[in-house]
file query.txt (compact mmCIF, N, CA, C and O atoms)
# COMPACT_ATOMS: atom_id res chain seq x y z
N VAL A 235 0.83 -1.19 0.00
CA VAL A 235 0.00 0.00 0.00
C VAL A 235 0.88 1.25 0.00
O VAL A 235 0.55 2.23 -0.64
N LYS A 236 2.01 1.18 0.70
CA LYS A 236 2.84 2.38 0.84
C LYS A 236 3.33 2.93 -0.49
O LYS A 236 3.55 4.11 -0.62
N SER A 237 3.46 2.07 -1.52
CA SER A 237 3.94 2.57 -2.80
C SER A 237 2.84 3.31 -3.57
O SER A 237 3.14 4.15 -4.42
N ASN A 238 1.57 2.99 -3.28
CA ASN A 238 0.48 3.68 -3.95
C ASN A 238 -0.81 3.50 -3.16
O ASN A 238 -1.56 2.56 -3.41
N PRO A 239 -1.10 4.40 -2.23
CA PRO A 239 -2.29 4.26 -1.40
C PRO A 239 -3.58 4.80 -2.03
O PRO A 239 -4.55 5.07 -1.33
N SER A 240 -3.60 4.91 -3.34
CA SER A 240 -4.80 5.39 -4.04
C SER A 240 -5.93 4.37 -3.87
O SER A 240 -5.75 3.18 -4.11
N GLU A 241 -7.10 4.86 -3.48
CA GLU A 241 -8.25 3.97 -3.33
C GLU A 241 -8.56 3.24 -4.63
O GLU A 241 -8.91 2.06 -4.62
N GLU A 242 -8.45 3.94 -5.74
CA GLU A 242 -8.73 3.32 -7.03
C GLU A 242 -7.78 2.14 -7.30
O GLU A 242 -8.21 1.07 -7.76
N VAL A 243 -6.52 2.31 -6.99
CA VAL A 243 -5.54 1.23 -7.19
C VAL A 243 -5.87 0.05 -6.27
O VAL A 243 -5.90 -1.11 -6.70
N ILE A 244 -6.14 0.34 -5.00
CA ILE A 244 -6.47 -0.71 -4.04
C ILE A 244 -7.73 -1.45 -4.47
O ILE A 244 -7.79 -2.69 -4.43
N GLU A 245 -8.75 -0.72 -4.89
CA GLU A 245 -10.00 -1.35 -5.34
C GLU A 245 -9.76 -2.26 -6.54
O GLU A 245 -10.35 -3.34 -6.64
N ASN A 246 -8.89 -1.85 -7.47
CA ASN A 246 -8.57 -2.69 -8.62
C ASN A 246 -7.81 -3.94 -8.19
O ASN A 246 -8.04 -5.03 -8.75
N LEU A 247 -6.91 -3.81 -7.24
CA LEU A 247 -6.20 -4.98 -6.73
C LEU A 247 -7.17 -5.97 -6.08
O LEU A 247 -7.07 -7.18 -6.29
N ILE A 248 -8.10 -5.44 -5.31
CA ILE A 248 -9.11 -6.29 -4.66
C ILE A 248 -9.94 -7.00 -5.72
O ILE A 248 -10.18 -8.21 -5.63
N ALA A 249 -10.37 -6.26 -6.73
CA ALA A 249 -11.17 -6.84 -7.82
C ALA A 249 -10.40 -7.92 -8.57
O ALA A 249 -10.99 -8.88 -9.07
N ALA A 250 -9.07 -7.79 -8.60
CA ALA A 250 -8.23 -8.78 -9.28
C ALA A 250 -7.95 -10.00 -8.40
O ALA A 250 -7.29 -10.93 -8.84
N GLY A 251 -8.43 -9.95 -7.16
CA GLY A 251 -8.28 -11.11 -6.29
C GLY A 251 -7.20 -11.02 -5.23
O GLY A 251 -6.95 -12.00 -4.51
N VAL A 252 -6.54 -9.87 -5.11
CA VAL A 252 -5.52 -9.72 -4.08
C VAL A 252 -6.18 -9.76 -2.71
O VAL A 252 -7.17 -9.06 -2.48
N LYS A 253 -5.65 -10.57 -1.81
CA LYS A 253 -6.27 -10.75 -0.49
C LYS A 253 -5.34 -10.39 0.66
O LYS A 253 -5.69 -10.56 1.82
N GLY A 254 -4.14 -9.89 0.36
CA GLY A 254 -3.20 -9.51 1.39
C GLY A 254 -2.45 -8.25 1.01
O GLY A 254 -2.14 -8.04 -0.17
N PHE A 255 -2.16 -7.40 2.01
CA PHE A 255 -1.53 -6.11 1.74
C PHE A 255 -0.43 -5.83 2.76
O PHE A 255 -0.55 -6.16 3.93
N ASP A 256 0.63 -5.20 2.28
CA ASP A 256 1.75 -4.77 3.09
C ASP A 256 1.51 -3.31 3.46
O ASP A 256 1.43 -2.46 2.57
N CYS A 257 1.37 -3.02 4.74
CA CYS A 257 1.08 -1.66 5.20
C CYS A 257 2.21 -1.16 6.09
O CYS A 257 2.87 -1.93 6.78
N ALA A 258 2.40 0.16 6.09
CA ALA A 258 3.46 0.76 6.89
C ALA A 258 2.98 1.84 7.86
O ALA A 258 3.79 2.47 8.52
N SER A 259 1.66 2.04 7.94
CA SER A 259 1.16 3.10 8.81
C SER A 259 -0.29 2.82 9.21
O SER A 259 -0.99 2.06 8.52
N PRO A 260 -0.75 3.43 10.28
CA PRO A 260 -2.16 3.31 10.64
C PRO A 260 -3.09 3.78 9.52
O PRO A 260 -4.14 3.18 9.30
N PHE A 261 -2.72 4.83 8.79
CA PHE A 261 -3.53 5.29 7.66
C PHE A 261 -3.75 4.17 6.66
O PHE A 261 -4.87 3.95 6.19
N GLU A 262 -2.69 3.46 6.32
CA GLU A 262 -2.79 2.38 5.33
C GLU A 262 -3.60 1.21 5.87
O GLU A 262 -4.39 0.61 5.14
N ILE A 263 -3.43 0.89 7.14
CA ILE A 263 -4.22 -0.18 7.76
C ILE A 263 -5.70 0.18 7.71
O ILE A 263 -6.54 -0.64 7.34
N ASP A 264 -6.02 1.41 8.06
CA ASP A 264 -7.41 1.87 8.03
C ASP A 264 -7.98 1.80 6.61
O ASP A 264 -9.11 1.36 6.41
N LEU A 265 -7.20 2.20 5.64
CA LEU A 265 -7.63 2.17 4.24
C LEU A 265 -7.98 0.74 3.82
O LEU A 265 -9.05 0.50 3.25
N ILE A 266 -7.12 -0.21 4.13
CA ILE A 266 -7.37 -1.59 3.74
C ILE A 266 -8.56 -2.16 4.50
O ILE A 266 -9.43 -2.82 3.92
N ARG A 267 -8.67 -1.90 5.78
CA ARG A 267 -9.81 -2.42 6.55
C ARG A 267 -11.13 -1.85 6.03
O ARG A 267 -12.15 -2.52 6.04
N ARG A 268 -11.09 -0.61 5.56
CA ARG A 268 -12.31 0.01 5.02
C ARG A 268 -12.69 -0.59 3.66
O ARG A 268 -13.85 -0.87 3.39
N LEU A 269 -11.69 -0.84 2.81
CA LEU A 269 -11.96 -1.32 1.45
C LEU A 269 -12.02 -2.85 1.36
O LEU A 269 -12.70 -3.38 0.48
N ALA A 270 -11.28 -3.53 2.22
CA ALA A 270 -11.24 -5.00 2.19
C ALA A 270 -11.15 -5.52 3.62
O ALA A 270 -10.09 -5.90 4.10
N PRO A 271 -12.27 -5.49 4.33
CA PRO A 271 -12.27 -5.80 5.76
C PRO A 271 -11.64 -7.14 6.16
O PRO A 271 -11.09 -7.25 7.24
N ASP A 272 -11.69 -8.12 5.27
CA ASP A 272 -11.16 -9.44 5.61
C ASP A 272 -9.76 -9.70 5.08
O ASP A 272 -9.24 -10.80 5.23
N ALA A 273 -9.14 -8.71 4.48
CA ALA A 273 -7.81 -8.89 3.89
C ALA A 273 -6.77 -9.15 4.98
O ALA A 273 -6.87 -8.65 6.10
N ALA A 274 -5.76 -9.92 4.62
CA ALA A 274 -4.60 -10.11 5.49
C ALA A 274 -3.74 -8.86 5.38
O ALA A 274 -3.56 -8.31 4.29
N ILE A 275 -3.23 -8.41 6.52
CA ILE A 275 -2.35 -7.23 6.53
C ILE A 275 -1.04 -7.60 7.22
O ILE A 275 -1.04 -8.17 8.30
N HIS A 276 0.06 -7.26 6.55
CA HIS A 276 1.39 -7.40 7.15
C HIS A 276 1.87 -5.99 7.46
O HIS A 276 1.96 -5.15 6.55
N TYR A 277 2.14 -5.71 8.73
CA TYR A 277 2.58 -4.37 9.15
C TYR A 277 4.09 -4.32 9.04
O TYR A 277 4.81 -4.81 9.88
N HIS A 278 4.56 -3.74 7.96
CA HIS A 278 5.98 -3.72 7.63
C HIS A 278 6.54 -2.32 7.85
O HIS A 278 6.61 -1.51 6.93
N ASN A 279 6.87 -2.04 9.07
CA ASN A 279 7.48 -0.76 9.45
C ASN A 279 8.46 -1.09 10.56
O ASN A 279 8.07 -1.66 11.57
N PRO A 280 9.74 -0.80 10.40
CA PRO A 280 10.72 -1.25 11.39
C PRO A 280 10.58 -0.65 12.78
O PRO A 280 10.99 -1.26 13.76
N VAL A 281 9.99 0.53 12.88
CA VAL A 281 9.83 1.16 14.19
C VAL A 281 8.39 1.67 14.31
O VAL A 281 7.95 2.47 13.51
N ARG A 282 7.68 1.15 15.32
CA ARG A 282 6.29 1.56 15.56
C ARG A 282 6.16 2.01 17.01
O ARG A 282 6.74 1.41 17.91
N SER A 283 5.34 3.02 17.20
CA SER A 283 5.05 3.44 18.57
C SER A 283 4.08 2.45 19.20
O SER A 283 3.41 1.68 18.49
N ARG A 284 3.98 2.47 20.49
CA ARG A 284 3.02 1.59 21.17
C ARG A 284 1.58 1.94 20.75
O ARG A 284 0.73 1.07 20.64
N THR A 285 1.34 3.21 20.48
CA THR A 285 0.02 3.65 20.01
C THR A 285 -0.28 3.06 18.63
O THR A 285 -1.39 2.60 18.37
N GLU A 286 0.72 3.05 17.74
CA GLU A 286 0.53 2.47 16.41
C GLU A 286 0.29 0.96 16.51
O GLU A 286 -0.53 0.41 15.77
N ILE A 287 1.00 0.30 17.40
CA ILE A 287 0.79 -1.14 17.59
C ILE A 287 -0.62 -1.40 18.11
O ILE A 287 -1.32 -2.30 17.64
N ALA A 288 -1.06 -0.60 19.07
CA ALA A 288 -2.42 -0.76 19.61
C ALA A 288 -3.46 -0.56 18.50
O ALA A 288 -4.46 -1.29 18.44
N PHE A 289 -3.23 0.41 17.62
CA PHE A 289 -4.13 0.64 16.49
C PHE A 289 -4.19 -0.61 15.61
O PHE A 289 -5.25 -1.05 15.21
N ALA A 290 -3.02 -1.17 15.31
CA ALA A 290 -2.96 -2.36 14.46
C ALA A 290 -3.67 -3.54 15.11
O ALA A 290 -4.43 -4.26 14.46
N VAL A 291 -3.46 -3.73 16.40
CA VAL A 291 -4.12 -4.82 17.12
C VAL A 291 -5.63 -4.63 17.06
O VAL A 291 -6.38 -5.58 16.79
N LYS A 292 -6.09 -3.42 17.29
CA LYS A 292 -7.53 -3.12 17.24
C LYS A 292 -8.12 -3.43 15.86
O LYS A 292 -9.28 -3.80 15.75
N HIS A 293 -7.29 -3.34 14.82
CA HIS A 293 -7.73 -3.59 13.45
C HIS A 293 -7.32 -4.99 12.96
O HIS A 293 -7.24 -5.24 11.76
N ALA A 294 -7.10 -5.88 13.91
CA ALA A 294 -6.88 -7.31 13.64
C ALA A 294 -5.65 -7.63 12.79
O ALA A 294 -5.64 -8.60 12.04
N VAL A 295 -4.60 -6.82 12.92
CA VAL A 295 -3.35 -7.13 12.23
C VAL A 295 -2.59 -8.14 13.08
O VAL A 295 -2.42 -7.95 14.28
N LYS A 296 -2.15 -9.23 12.45
CA LYS A 296 -1.46 -10.29 13.17
C LYS A 296 -0.04 -10.54 12.66
O LYS A 296 0.72 -11.26 13.27
N SER A 297 0.33 -9.95 11.54
CA SER A 297 1.62 -10.18 10.91
C SER A 297 2.45 -8.89 10.94
O SER A 297 1.98 -7.84 10.47
N TYR A 298 3.67 -8.98 11.48
CA TYR A 298 4.52 -7.81 11.67
C TYR A 298 5.95 -8.13 11.27
O TYR A 298 6.38 -9.28 11.36
N SER A 299 6.71 -7.13 10.88
CA SER A 299 8.15 -7.25 10.68
C SER A 299 8.85 -6.53 11.82
O SER A 299 8.39 -5.47 12.26
N VAL A 300 9.94 -7.11 12.29
CA VAL A 300 10.75 -6.46 13.32
C VAL A 300 12.23 -6.62 12.96
O VAL A 300 12.61 -7.57 12.28
N ASP A 301 13.03 -5.68 13.42
CA ASP A 301 14.46 -5.80 13.17
C ASP A 301 15.30 -5.51 14.41
O ASP A 301 16.49 -5.24 14.32
N SER A 302 14.65 -5.58 15.57
CA SER A 302 15.40 -5.40 16.82
C SER A 302 14.65 -6.06 17.98
O SER A 302 13.44 -6.28 17.90
N LYS A 303 15.38 -6.35 19.03
CA LYS A 303 14.77 -6.93 20.24
C LYS A 303 13.74 -5.98 20.84
O LYS A 303 12.71 -6.41 21.33
N THR A 304 14.03 -4.70 20.77
CA THR A 304 13.13 -3.69 21.33
C THR A 304 11.77 -3.72 20.64
O THR A 304 10.72 -3.70 21.29
N GLU A 305 11.79 -3.80 19.31
CA GLU A 305 10.53 -3.83 18.56
C GLU A 305 9.77 -5.13 18.81
O GLU A 305 8.56 -5.12 18.93
N LEU A 306 10.49 -6.24 18.90
CA LEU A 306 9.84 -7.51 19.20
C LEU A 306 9.21 -7.47 20.59
O LEU A 306 8.09 -7.92 20.79
N ALA A 307 9.91 -6.88 21.55
CA ALA A 307 9.38 -6.78 22.91
C ALA A 307 8.09 -5.97 22.95
O ALA A 307 7.16 -6.30 23.69
N LYS A 308 8.01 -4.91 22.15
CA LYS A 308 6.77 -4.11 22.09
C LYS A 308 5.60 -4.98 21.63
O LYS A 308 4.50 -4.89 22.16
N LEU A 309 5.84 -5.82 20.61
CA LEU A 309 4.77 -6.68 20.12
C LEU A 309 4.39 -7.74 21.14
O LEU A 309 3.20 -7.99 21.38
N LEU A 310 5.38 -8.36 21.76
CA LEU A 310 5.10 -9.40 22.75
C LEU A 310 4.34 -8.82 23.95
O LEU A 310 3.48 -9.50 24.51
N ALA A 311 4.62 -7.59 24.29
CA ALA A 311 3.93 -6.94 25.42
C ALA A 311 2.44 -6.77 25.16
O ALA A 311 1.64 -6.73 26.09
N LYS A 312 2.05 -6.68 23.89
CA LYS A 312 0.63 -6.51 23.55
C LYS A 312 -0.12 -7.84 23.58
O LYS A 312 -1.34 -7.86 23.47
N GLN A 313 0.60 -8.95 23.73
CA GLN A 313 -0.01 -10.28 23.79
C GLN A 313 -0.97 -10.49 22.62
O GLN A 313 -2.13 -10.86 22.79
N ILE A 314 -0.47 -10.27 21.43
CA ILE A 314 -1.26 -10.40 20.20
C ILE A 314 -1.56 -11.87 19.97
O ILE A 314 -0.67 -12.70 19.91
N VAL A 315 -2.83 -12.19 19.82
CA VAL A 315 -3.26 -13.56 19.57
C VAL A 315 -2.82 -13.95 18.15
O VAL A 315 -3.04 -13.20 17.20
N ALA A 316 -2.18 -15.09 18.01
CA ALA A 316 -1.73 -15.62 16.71
C ALA A 316 -0.72 -14.70 16.03
O ALA A 316 -0.71 -14.56 14.81
N LEU A 317 0.15 -14.07 16.79
CA LEU A 317 1.16 -13.18 16.26
C LEU A 317 2.11 -13.93 15.31
O LEU A 317 2.56 -15.02 15.62
N ARG A 318 2.37 -13.32 14.15
CA ARG A 318 3.41 -13.80 13.23
C ARG A 318 4.39 -12.66 13.05
O ARG A 318 4.02 -11.58 12.60
N ALA A 319 5.63 -12.89 13.41
CA ALA A 319 6.65 -11.86 13.27
C ALA A 319 7.74 -12.32 12.32
O ALA A 319 8.25 -13.43 12.45
N THR A 320 8.09 -11.48 11.36
CA THR A 320 9.21 -11.71 10.48
C THR A 320 10.37 -10.91 11.03
O THR A 320 10.26 -9.70 11.21
N ILE A 321 11.47 -11.58 11.34
CA ILE A 321 12.60 -10.92 11.96
C ILE A 321 13.70 -10.72 10.93
O ILE A 321 14.18 -11.67 10.32
N SER A 322 14.10 -9.48 10.74
CA SER A 322 15.20 -9.13 9.83
C SER A 322 16.48 -8.99 10.64
O SER A 322 16.50 -8.28 11.64
N ILE A 323 17.50 -9.67 10.19
CA ILE A 323 18.78 -9.60 10.92
C ILE A 323 19.79 -8.86 10.08
O ILE A 323 19.90 -9.00 8.92
call {"tool": "encode", "arguments": {"input": "query.txt", "output": "structure tokens"}}
result
Amino acid sequence: VKSNPSEEVIENLIAAGVKGFDCASPFEIDLIRRLAPDAAIHYHNPVRSRTEIAFAVKHAVKSYSVDSKTELAKLLAKQIVALRATISI
């Protein structure tokens, strides 16, 4: 989504059968949840505030990327059900 958050582009991707989106911000998560409520979302942002993580959890995001122990600890602290974390080393 971060490369082109245009609603028209997202709607065309959905119409073409895309069921998962890579998001980097609460704005993008909100956009996908509004246009494709059941889509899988991967939150790919190396540094997120606790507020941004809470927003993602509230919007049923379960897949995240992390690149440090600190960021992983933030996710684990939220006790996200069925958390999937991709760790970049």
call {"tool": "closest_residue", "arguments": {"input": "query.txt", "among": "A:Ala273, A:Val252, A:Val281, A:Val235", "to": "A:Lys303", "atoms": "only C-alpha atoms"}}
result
A:Val281
call {"tool": "closest_residue", "arguments": {"input": "query.txt", "among": "A:Tyr277, A:Ile323, A:Pro271, A:Arg318", "to": "A:Ala258", "atoms": "only N, CA, C and O atoms"}}
result
A:Tyr277
call {"tool": "select_by_dssp", "arguments": {"input": "query.txt", "residues": "chain A", "states": "alpha helix (DSSP H)", "output": "number ranges by chain"}}
result
A: 241-249, 260-269, 284-292, 303-311
call {"tool": "closest_residue", "arguments": {"input": "query.txt", "among": "A:Thr320, A:Asn279, A:Gln313, A:Thr304", "to": "A:Cys257", "atoms": "only N, CA, C and O atoms"}}
result
A:Asn279
call {"tool": "residues_around", "arguments": {"input": "query.txt", "residues": "stretch 284-287 of chain A", "least_positions_apart": "3", "cutoff": "8 Å", "atoms": "only N, CA, C and O atoms", "output": "PyMOL selection string"}}
result
chain A and resi 259-260+281+290-295+308-309+312
call {"tool": "atom_distance", "arguments": {"input": "query.txt", "atom1": "atom CA of A:Ser240", "atom2": "atom CA of A:Phe289"}}
result
21.1 Å
call {"tool": "closest_residue", "arguments": {"input": "query.txt", "among": "A:Ala288, A:Leu247, A:Ile275, A:Leu265", "to": "A:Ile314", "atoms": "only C-alpha atoms"}}
result
A:Ala288
call {"tool": "axis_aligned_box", "arguments": {"input": "query.txt", "around": "stretch 285-293 of chain A", "padding_each_side": "6 Å", "output": "AutoDock Vina command-line options"}}
result
--center_x -4.0 --center_y -1.0 --center_z 16.1 --size_x 22.6 --size_y 21.2 --size_z 20.7
call {"tool": "select_by_dssp", "arguments": {"input": "query.txt", "residues": "stretch 240-276 of chain A", "states": "strand (DSSP E)", "output": "number ranges by chain"}}
result
A: 254-257, 274-276
call {"tool": "atom_distance", "arguments": {"input": "query.txt", "atom1": "atom O of A:Leu269", "atom2": "atom N of A:Leu310"}}
result
28.4 Å
call {"tool": "residues_around", "arguments": {"input": "query.txt", "residues": "A:Ile248", "least_positions_apart": "4", "cutoff": "10 Å", "atoms": "only C-alpha atoms", "output": "compact mmCIF listing (two decimals) with N, CA, C and O atoms, in the frame of the given file"}}
result
# COMPACT_ATOMS: atom_id res chain seq x y z
N GLU A 242 -8.45 3.94 -5.74
CA GLU A 242 -8.73 3.32 -7.03
C GLU A 242 -7.78 2.14 -7.30
O GLU A 242 -8.21 1.07 -7.76
N VAL A 243 -6.52 2.31 -6.99
CA VAL A 243 -5.54 1.23 -7.19
C VAL A 243 -5.87 0.05 -6.27
O VAL A 243 -5.90 -1.11 -6.70
N ILE A 244 -6.14 0.34 -5.00
CA ILE A 244 -6.47 -0.71 -4.04
C ILE A 244 -7.73 -1.45 -4.47
O ILE A 244 -7.79 -2.69 -4.43
N VAL A 252 -6.54 -9.87 -5.11
CA VAL A 252 -5.52 -9.72 -4.08
C VAL A 252 -6.18 -9.76 -2.71
O VAL A 252 -7.17 -9.06 -2.48
N LYS A 253 -5.65 -10.57 -1.81
CA LYS A 253 -6.27 -10.75 -0.49
C LYS A 253 -5.34 -10.39 0.66
O LYS A 253 -5.69 -10.56 1.82
N GLY A 254 -4.14 -9.89 0.36
CA GLY A 254 -3.20 -9.51 1.39
C GLY A 254 -2.45 -8.25 1.01
O GLY A 254 -2.14 -8.04 -0.17
N PHE A 255 -2.16 -7.40 2.01
CA PHE A 255 -1.53 -6.11 1.74
C PHE A 255 -0.43 -5.83 2.76
O PHE A 255 -0.55 -6.16 3.93
N ILE A 266 -7.12 -0.21 4.13
CA ILE A 266 -7.37 -1.59 3.74
C ILE A 266 -8.56 -2.16 4.50
O ILE A 266 -9.43 -2.82 3.92
N LEU A 269 -11.69 -0.84 2.81
CA LEU A 269 -11.96 -1.32 1.45
C LEU A 269 -12.02 -2.85 1.36
O LEU A 269 -12.70 -3.38 0.48
N ALA A 270 -11.28 -3.53 2.22
CA ALA A 270 -11.24 -5.00 2.19
C ALA A 270 -11.15 -5.52 3.62
O ALA A 270 -10.09 -5.90 4.10
N ALA A 273 -9.14 -8.71 4.48
CA ALA A 273 -7.81 -8.89 3.89
C ALA A 273 -6.77 -9.15 4.98
O ALA A 273 -6.87 -8.65 6.10
call {"tool": "atom_distance", "arguments": {"input": "query.txt", "atom1": "atom N of A:Ile263", "atom2": "atom C of A:Ser297"}}
result
12.0 Å
call {"tool": "closest_residue", "arguments": {"input": "query.txt", "among": "A:Gly251, A:His276, A:Ser283, A:Ala311", "to": "A:Tyr298", "atoms": "only N, CA, C and O atoms"}}
result
A:His276
call {"tool": "decode", "arguments": {"input": "query.txt", "residues": "stretch 291-311 of chain A", "atoms": "N, CA, C and O atoms", "output": "PDB file, in the first residue's frame"}}
result
ATOM      1  N   VAL A 291      -3.457  -3.726  16.399  1.00  0.00           N
ATOM      2  CA  VAL A 291      -4.122  -4.819  17.122  1.00  0.00           C
ATOM      3  C   VAL A 291      -5.634  -4.635  17.060  1.00  0.00           C
ATOM      4  O   VAL A 291      -6.380  -5.580  16.788  1.00  0.00           O
ATOM      5  N   LYS A 292      -6.094  -3.416  17.289  1.00  0.00           N
ATOM      6  CA  LYS A 292      -7.526  -3.119  17.235  1.00  0.00           C
ATOM      7  C   LYS A 292      -8.116  -3.434  15.863  1.00  0.00           C
ATOM      8  O   LYS A 292      -9.280  -3.803  15.745  1.00  0.00           O
ATOM      9  N   HIS A 293      -7.288  -3.336  14.819  1.00  0.00           N
ATOM     10  CA  HIS A 293      -7.730  -3.591  13.447  1.00  0.00           C
ATOM     11  C   HIS A 293      -7.323  -4.991  12.963  1.00  0.00           C
ATOM     12  O   HIS A 293      -7.239  -5.237  11.763  1.00  0.00           O
ATOM     13  N   ALA A 294      -7.095  -5.882  13.913  1.00  0.00           N
ATOM     14  CA  ALA A 294      -6.878  -7.311  13.636  1.00  0.00           C
ATOM     15  C   ALA A 294      -5.648  -7.626  12.789  1.00  0.00           C
ATOM     16  O   ALA A 294      -5.644  -8.597  12.043  1.00  0.00           O
ATOM     17  N   VAL A 295      -4.601  -6.819  12.920  1.00  0.00           N
ATOM     18  CA  VAL A 295      -3.347  -7.129  12.233  1.00  0.00           C
ATOM     19  C   VAL A 295      -2.589  -8.142  13.082  1.00  0.00           C
ATOM     20  O   VAL A 295      -2.418  -7.947  14.283  1.00  0.00           O
ATOM     21  N   LYS A 296      -2.145  -9.227  12.448  1.00  0.00           N
ATOM     22  CA  LYS A 296      -1.457 -10.291  13.171  1.00  0.00           C
ATOM     23  C   LYS A 296      -0.037 -10.541  12.661  1.00  0.00           C
ATOM     24  O   LYS A 296       0.724 -11.263  13.267  1.00  0.00           O
ATOM     25  N   SER A 297       0.326  -9.946  11.537  1.00  0.00           N
ATOM     26  CA  SER A 297       1.623 -10.175  10.912  1.00  0.00           C
ATOM     27  C   SER A 297       2.448  -8.885  10.937  1.00  0.00           C
ATOM     28  O   SER A 297       1.981  -7.836  10.470  1.00  0.00           O
ATOM     29  N   TYR A 298       3.668  -8.980  11.479  1.00  0.00           N
ATOM     30  CA  TYR A 298       4.519  -7.813  11.670  1.00  0.00           C
ATOM     31  C   TYR A 298       5.954  -8.133  11.269  1.00  0.00           C
ATOM     32  O   TYR A 298       6.381  -9.282  11.364  1.00  0.00           O
ATOM     33  N   SER A 299       6.709  -7.126  10.879  1.00  0.00           N
ATOM     34  CA  SER A 299       8.149  -7.246  10.677  1.00  0.00           C
ATOM     35  C   SER A 299       8.850  -6.535  11.817  1.00  0.00           C
ATOM     36  O   SER A 299       8.392  -5.471  12.261  1.00  0.00           O
ATOM     37  N   VAL A 300       9.941  -7.108  12.287  1.00  0.00           N
ATOM     38  CA  VAL A 300      10.754  -6.464  13.320  1.00  0.00           C
ATOM     39  C   VAL A 300      12.225  -6.619  12.956  1.00  0.00           C
ATOM     40  O   VAL A 300      12.613  -7.568  12.284  1.00  0.00           O
ATOM     41  N   ASP A 301      13.032  -5.678  13.421  1.00  0.00           N
ATOM     42  CA  ASP A 301      14.463  -5.799  13.169  1.00  0.00           C
ATOM     43  C   ASP A 301      15.298  -5.505  14.414  1.00  0.00           C
ATOM     44  O   ASP A 301      16.485  -5.241  14.323  1.00  0.00           O
ATOM     45  N   SER A 302      14.652  -5.575  15.574  1.00  0.00           N
ATOM     46  CA  SER A 302      15.401  -5.402  16.818  1.00  0.00           C
ATOM     47  C   SER A 302      14.649  -6.062  17.976  1.00  0.00           C
ATOM     48  O   SER A 302      13.436  -6.277  17.900  1.00  0.00           O
ATOM     49  N   LYS A 303      15.381  -6.350  19.032  1.00  0.00           N
ATOM     50  CA  LYS A 303      14.769  -6.932  20.235  1.00  0.00           C
ATOM     51  C   LYS A 303      13.738  -5.980  20.835  1.00  0.00           C
ATOM     52  O   LYS A 303      12.706  -6.413  21.328  1.00  0.00           O
ATOM     53  N   THR A 304      14.030  -4.698  20.767  1.00  0.00           N
ATOM     54  CA  THR A 304      13.128  -3.692  21.334  1.00  0.00           C
ATOM     55  C   THR A 304      11.768  -3.722  20.638  1.00  0.00           C
ATOM     56  O   THR A 304      10.725  -3.700  21.293  1.00  0.00           O
ATOM     57  N   GLU A 305      11.787  -3.796  19.308  1.00  0.00           N
ATOM     58  CA  GLU A 305      10.530  -3.825  18.562  1.00  0.00           C
ATOM     59  C   GLU A 305       9.775  -5.130  18.806  1.00  0.00           C
ATOM     60  O   GLU A 305       8.556  -5.123  18.934  1.00  0.00           O
ATOM     61  N   LEU A 306      10.488  -6.239  18.900  1.00  0.00           N
ATOM     62  CA  LEU A 306       9.838  -7.513  19.198  1.00  0.00           C
ATOM     63  C   LEU A 306       9.213  -7.473  20.588  1.00  0.00           C
ATOM     64  O   LEU A 306       8.086  -7.924  20.790  1.00  0.00           O
ATOM     65  N   ALA A 307       9.913  -6.884  21.548  1.00  0.00           N
ATOM     66  CA  ALA A 307       9.383  -6.776  22.910  1.00  0.00           C
ATOM     67  C   ALA A 307       8.086  -5.968  22.946  1.00  0.00           C
ATOM     68  O   ALA A 307       7.158  -6.298  23.691  1.00  0.00           O
ATOM     69  N   LYS A 308       8.009  -4.909  22.145  1.00  0.00           N
ATOM     70  CA  LYS A 308       6.772  -4.115  22.090  1.00  0.00           C
ATOM     71  C   LYS A 308       5.599  -4.981  21.629  1.00  0.00           C
ATOM     72  O   LYS A 308       4.497  -4.889  22.164  1.00  0.00           O
ATOM     73  N   LEU A 309       5.838  -5.817  20.615  1.00  0.00           N
ATOM     74  CA  LEU A 309       4.769  -6.682  20.117  1.00  0.00           C
ATOM     75  C   LEU A 309       4.385  -7.738  21.142  1.00  0.00           C
ATOM     76  O   LEU A 309       3.204  -7.986  21.381  1.00  0.00           O
ATOM     77  N   LEU A 310       5.380  -8.356  21.762  1.00  0.00           N
ATOM     78  CA  LEU A 310       5.098  -9.396  22.748  1.00  0.00           C
ATOM     79  C   LEU A 310       4.339  -8.823  23.948  1.00  0.00           C
ATOM     80  O   LEU A 310       3.482  -9.497  24.513  1.00  0.00           O
ATOM     81  N   ALA A 311       4.618  -7.586  24.292  1.00  0.00           N
ATOM     82  CA  ALA A 311       3.932  -6.943  25.416  1.00  0.00           C
ATOM     83  C   ALA A 311       2.443  -6.771  25.155  1.00  0.00           C
ATOM     84  O   ALA A 311       1.643  -6.732  26.093  1.00  0.00           O
TER      85      ALA A 311
END
